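> Just dropping this structure here.
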Amino acid sequence: MSRPRRRATSGTFLTTAVTYDRRRIFRVDATAKLVLKTLQFYRREGFYKLHAFVVMPDHIHLLITTKNLPEAMKRVRGGFSHDHASNFEVWQPGYDDRQIFNETEYHNAREYIHQNPVRAGLVAKAEDYPYSSAFRGEILAA
C-alpha cells in the first residue's frame, strides 16, 4: 500500500527519519557528528529553520520550519548519505512528519525530541546527550 500524499509541505513539522533496517550507525561518534554537520549546512543554506533536533543511534528527529518539507528532507538525508559514502543503504524509504499548528504542539514536540535520549536510557538528563539541541557542552568537530 502506498503512503498517502502529504497535505502540507510548508510550515513547522516534527519529522522522523529512520536508518535502513534500524541499523545503529549513529552510535559511532564521527557518523553522528556528520549528521550534525549536514543539518547545520542545510540550515545555513536556508532550506529550513532548525528549532530542535536529536540524532539517536538509529533515527533522527527534527523540529523544522520550511517552505518545502520534501526538499528539506531530501537534502538532509541525501546530503548525509553522499558525505557518508557508505556501500549500504542508509535510510528507510520515506520519513514521518507531523505538522505543528500551535505553541503547545511546538513545545510538546521540542520536549519529545529532547527527552528521546533520556527515554532510551542513553543519558540521565537531556542536556548530557551530545547529539541533541538540548546539549549544553561543546561538540568537537569530527
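Following the order of the C-alpha cells, first chain is A, next is B, and so on, with residues numbered from 1 inside each chain and ligands from 1 in the order they appear.
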Contacts between stretch 127-138 of chain A and stretch 31-116 of chain A, please, where a residue of stretch 31-116 of chain A counts if it comes within 12 Å (with only C-alpha atoms); show its shortest atom pair and distance in Å to one decimal, rows by chain and ascending number, as a tab-separated table.


residue	atom	partner	partner_atom	distance
A:Thr31	CA	A:Tyr131	CA	10.6
A:Ala32	CA	A:Tyr131	CA	6.9
A:Lys33	CA	A:Tyr131	CA	7.4
A:Leu34	CA	A:Tyr131	CA	10.4
A:Val35	CA	A:Tyr131	CA	8.9
A:Leu36	CA	A:Tyr131	CA	7.3
A:Lys37	CA	A:Tyr131	CA	10.8
A:Leu39	CA	A:Ser133	CA	11.3
A:Gln40	CA	A:Ser133	CA	11.3
A:Leu50	CA	A:Ser133	CA	9.5
A:His51	CA	A:Ser133	CA	8.2
A:Ala52	CA	A:Ser133	CA	5.5
A:Phe53	CA	A:Ser133	CA	5.5
A:Val54	CA	A:Ser132	CA	4.2
A:Val55	CA	A:Tyr131	CA	5.4
A:Met56	CA	A:Tyr131	CA	7.6
A:Pro57	CA	A:Tyr131	CA	9.8
A:His59	CA	A:Tyr131	CA	11.6
A:Ile60	CA	A:Ser132	CA	9.7
A:His61	CA	A:Ser132	CA	9.4
A:Leu62	CA	A:Ser133	CA	9.8
A:Leu63	CA	A:Ser133	CA	10.3
A:Arg110	CA	A:Ala134	CA	9.4
A:Glu111	CA	A:Ala134	CA	9.3
A:Tyr112	CA	A:Ala134	CA	11.2
A:Ile113	CA	A:Ser132	CA	8.2
A:His114	CA	A:Ala134	CA	5.8
A:Gln115	CA	A:Ala134	CA	8.8
A:Asn116	CA	A:Ser132	CA	9.4

> Which parts of chain A does DSSP call strand (DSSP E) when run on the backbone here, written out as a short mmCIF file (atom, residue, chain, number, x, y, z; two decimals) with N, CA and C atoms, in the first residue's frame?


data_model
loop_
_atom_site.label_atom_id
_atom_site.label_comp_id
_atom_site.auth_asym_id
_atom_site.auth_seq_id
_atom_site.Cartn_x
_atom_site.Cartn_y
_atom_site.Cartn_z
N GLY A 11 5.52 24.89 6.45
CA GLY A 11 5.10 25.11 7.82
C GLY A 11 6.14 24.58 8.78
N THR A 12 5.72 24.31 10.00
CA THR A 12 6.59 23.74 11.03
C THR A 12 6.20 22.29 11.22
N PHE A 13 7.21 21.41 11.29
CA PHE A 13 6.98 19.98 11.33
C PHE A 13 7.89 19.29 12.35
N LEU A 14 7.36 18.25 12.97
CA LEU A 14 8.16 17.27 13.70
C LEU A 14 8.38 16.14 12.71
N THR A 15 9.63 15.87 12.37
CA THR A 15 9.93 14.81 11.40
C THR A 15 10.80 13.74 12.04
N THR A 16 10.68 12.54 11.51
CA THR A 16 11.49 11.40 11.95
C THR A 16 11.98 10.66 10.73
N ALA A 17 13.28 10.45 10.65
CA ALA A 17 13.88 9.63 9.59
C ALA A 17 14.63 8.49 10.27
N VAL A 18 14.39 7.28 9.78
CA VAL A 18 14.93 6.07 10.41
C VAL A 18 15.96 5.43 9.49
N LYS A 49 14.42 26.36 8.96
CA LYS A 49 14.81 26.87 10.27
C LYS A 49 14.79 25.66 11.19
N LEU A 50 15.89 25.41 11.86
CA LEU A 50 16.02 24.24 12.73
C LEU A 50 15.77 24.65 14.17
N HIS A 51 14.65 24.21 14.73
CA HIS A 51 14.27 24.58 16.09
C HIS A 51 14.82 23.61 17.14
N ALA A 52 14.81 22.32 16.81
CA ALA A 52 15.30 21.29 17.74
C ALA A 52 15.65 20.05 16.93
N PHE A 53 16.58 19.25 17.47
CA PHE A 53 16.97 18.01 16.80
C PHE A 53 17.56 17.04 17.80
N VAL A 54 17.54 15.77 17.43
CA VAL A 54 18.28 14.75 18.16
C VAL A 54 18.69 13.68 17.16
N VAL A 55 19.93 13.21 17.30
CA VAL A 55 20.44 12.12 16.50
C VAL A 55 20.56 10.92 17.43
N HIS A 59 17.95 6.67 14.35
CA HIS A 59 16.99 7.60 13.74
C HIS A 59 17.30 9.03 14.16
N ILE A 60 16.66 9.96 13.46
CA ILE A 60 16.77 11.36 13.83
C ILE A 60 15.37 11.96 13.95
N HIS A 61 15.24 12.92 14.84
CA HIS A 61 14.03 13.73 14.97
C HIS A 61 14.42 15.18 14.73
N LEU A 62 13.60 15.87 13.96
CA LEU A 62 13.84 17.28 13.69
C LEU A 62 12.56 18.06 13.94
N LEU A 63 12.69 19.25 14.46
CA LEU A 63 11.60 20.21 14.53
C LEU A 63 12.04 21.36 13.64
N ILE A 64 11.42 21.47 12.47
CA ILE A 64 11.87 22.44 11.48
C ILE A 64 10.69 23.24 10.91
N THR A 65 11.01 24.43 10.46
CA THR A 65 10.07 25.22 9.68
C THR A 65 10.68 25.35 8.29
N THR A 66 9.88 25.05 7.28
CA THR A 66 10.38 25.06 5.91
C THR A 66 9.27 25.42 4.94
N ASP A 96 8.61 10.15 8.50
CA ASP A 96 7.34 10.51 9.14
C ASP A 96 7.37 12.00 9.45
N ASP A 97 6.21 12.61 9.37
CA ASP A 97 6.12 14.01 9.73
C ASP A 97 4.76 14.30 10.34
N ARG A 98 4.74 15.29 11.18
CA ARG A 98 3.50 15.78 11.77
C ARG A 98 3.60 17.29 11.80
N GLN A 99 2.61 17.94 11.21
CA GLN A 99 2.64 19.39 11.18
C GLN A 99 2.29 19.95 12.55
N ILE A 100 2.98 21.01 12.91
CA ILE A 100 2.78 21.69 14.19
C ILE A 100 1.94 22.94 13.93
#

> Neighbours of A:Asp21 within 12 Å (only C-alpha atoms; same-chain residues fewer than 3 positions away dropped), as a ChimeraX atom specification?

/A:17-18,24-25,58-59,88-93

> I need the helix (DSSP H, G or I) residues of chain A per DSSP on the backbone, written as an mmCIF file with C-alpha atoms, in the first residue's frame.


data_model
loop_
_atom_site.group_PDB
_atom_site.id
_atom_site.type_symbol
_atom_site.label_atom_id
_atom_site.label_comp_id
_atom_site.auth_asym_id
_atom_site.auth_seq_id
_atom_site.Cartn_x
_atom_site.Cartn_y
_atom_site.Cartn_z
ATOM 1 C CA TYR A 20 17.633 1.215 6.987
ATOM 2 C CA ASP A 21 16.806 -1.923 8.996
ATOM 3 C CA ARG A 22 17.210 0.288 12.075
ATOM 4 C CA ILE A 25 25.039 3.658 12.577
ATOM 5 C CA PHE A 26 24.766 6.927 14.524
ATOM 6 C CA ARG A 27 26.182 5.376 17.679
ATOM 7 C CA ASP A 29 30.701 9.437 17.115
ATOM 8 C CA ALA A 30 32.048 10.507 13.708
ATOM 9 C CA THR A 31 28.848 9.389 11.969
ATOM 10 C CA ALA A 32 26.595 11.230 14.439
ATOM 11 C CA LYS A 33 28.728 14.349 14.047
ATOM 12 C CA LEU A 34 28.379 14.081 10.270
ATOM 13 C CA VAL A 35 24.588 14.243 10.700
ATOM 14 C CA LEU A 36 25.013 17.373 12.840
ATOM 15 C CA LYS A 37 27.282 18.904 10.205
ATOM 16 C CA THR A 38 24.738 18.090 7.476
ATOM 17 C CA LEU A 39 21.863 19.592 9.492
ATOM 18 C CA GLN A 40 23.782 22.813 10.096
ATOM 19 C CA PHE A 41 24.925 23.089 6.472
ATOM 20 C CA TYR A 42 21.396 22.986 5.045
ATOM 21 C CA ARG A 43 20.147 25.262 7.817
ATOM 22 C CA ARG A 44 22.772 27.839 6.836
ATOM 23 C CA LEU A 69 9.416 19.760 3.561
ATOM 24 C CA PRO A 70 10.099 17.056 0.931
ATOM 25 C CA GLU A 71 13.031 19.077 -0.442
ATOM 26 C CA ALA A 72 14.414 19.806 3.030
ATOM 27 C CA MET A 73 14.303 16.124 3.997
ATOM 28 C CA LYS A 74 15.788 15.125 0.651
ATOM 29 C CA ARG A 75 18.698 17.477 1.332
ATOM 30 C CA VAL A 76 19.274 16.208 4.882
ATOM 31 C CA ARG A 77 19.036 12.514 4.050
ATOM 32 C CA GLY A 78 20.726 12.732 0.656
ATOM 33 C CA GLY A 79 23.419 15.122 1.817
ATOM 34 C CA PHE A 80 24.323 12.868 4.713
ATOM 35 C CA SER A 81 24.301 9.754 2.501
ATOM 36 C CA HIS A 82 26.546 11.442 -0.065
ATOM 37 C CA ASP A 83 29.045 12.644 2.535
ATOM 38 C CA HIS A 84 28.966 9.331 4.403
ATOM 39 C CA GLU A 103 2.605 26.867 20.557
ATOM 40 C CA THR A 104 1.512 23.929 22.735
ATOM 41 C CA GLU A 105 2.253 21.420 19.955
ATOM 42 C CA TYR A 106 5.570 23.155 19.312
ATOM 43 C CA HIS A 107 6.663 22.913 22.957
ATOM 44 C CA ASN A 108 5.469 19.294 23.204
ATOM 45 C CA ALA A 109 7.407 18.347 20.057
ATOM 46 C CA ARG A 110 10.543 20.090 21.313
ATOM 47 C CA GLU A 111 10.286 18.322 24.673
ATOM 48 C CA TYR A 112 9.677 14.979 22.927
ATOM 49 C CA ILE A 113 12.831 15.453 20.863
ATOM 50 C CA HIS A 114 14.977 16.497 23.809
ATOM 51 C CA GLN A 115 13.734 13.709 26.087
ATOM 52 C CA ASN A 116 14.255 10.959 23.482
ATOM 53 C CA PRO A 117 17.771 10.008 24.702
ATOM 54 C CA VAL A 118 16.550 10.013 28.315
ATOM 55 C CA ARG A 119 13.612 7.700 27.499
ATOM 56 C CA ALA A 126 18.696 15.621 28.094
ATOM 57 C CA GLU A 127 21.427 18.254 28.466
ATOM 58 C CA ASP A 128 24.030 15.473 28.676
#

> When you draw a straight line from atom CA of A:Thr9 to atom CA of A:Lys67, how long is it in Å?

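Calculated distance between atom CA of A:Thr9 and atom CA of A:Lys67 is 6.7 Å.
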
> Quick one: distance from atom CA of A:Gly46 to atom CA of A:Ser10 in Å, one decimal?

13.7 Å

> Which distance in Å separates atom CA of A:Phe101 and atom CA of A:Ala8, to one decimal?

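So the answer is 11.5 Å.
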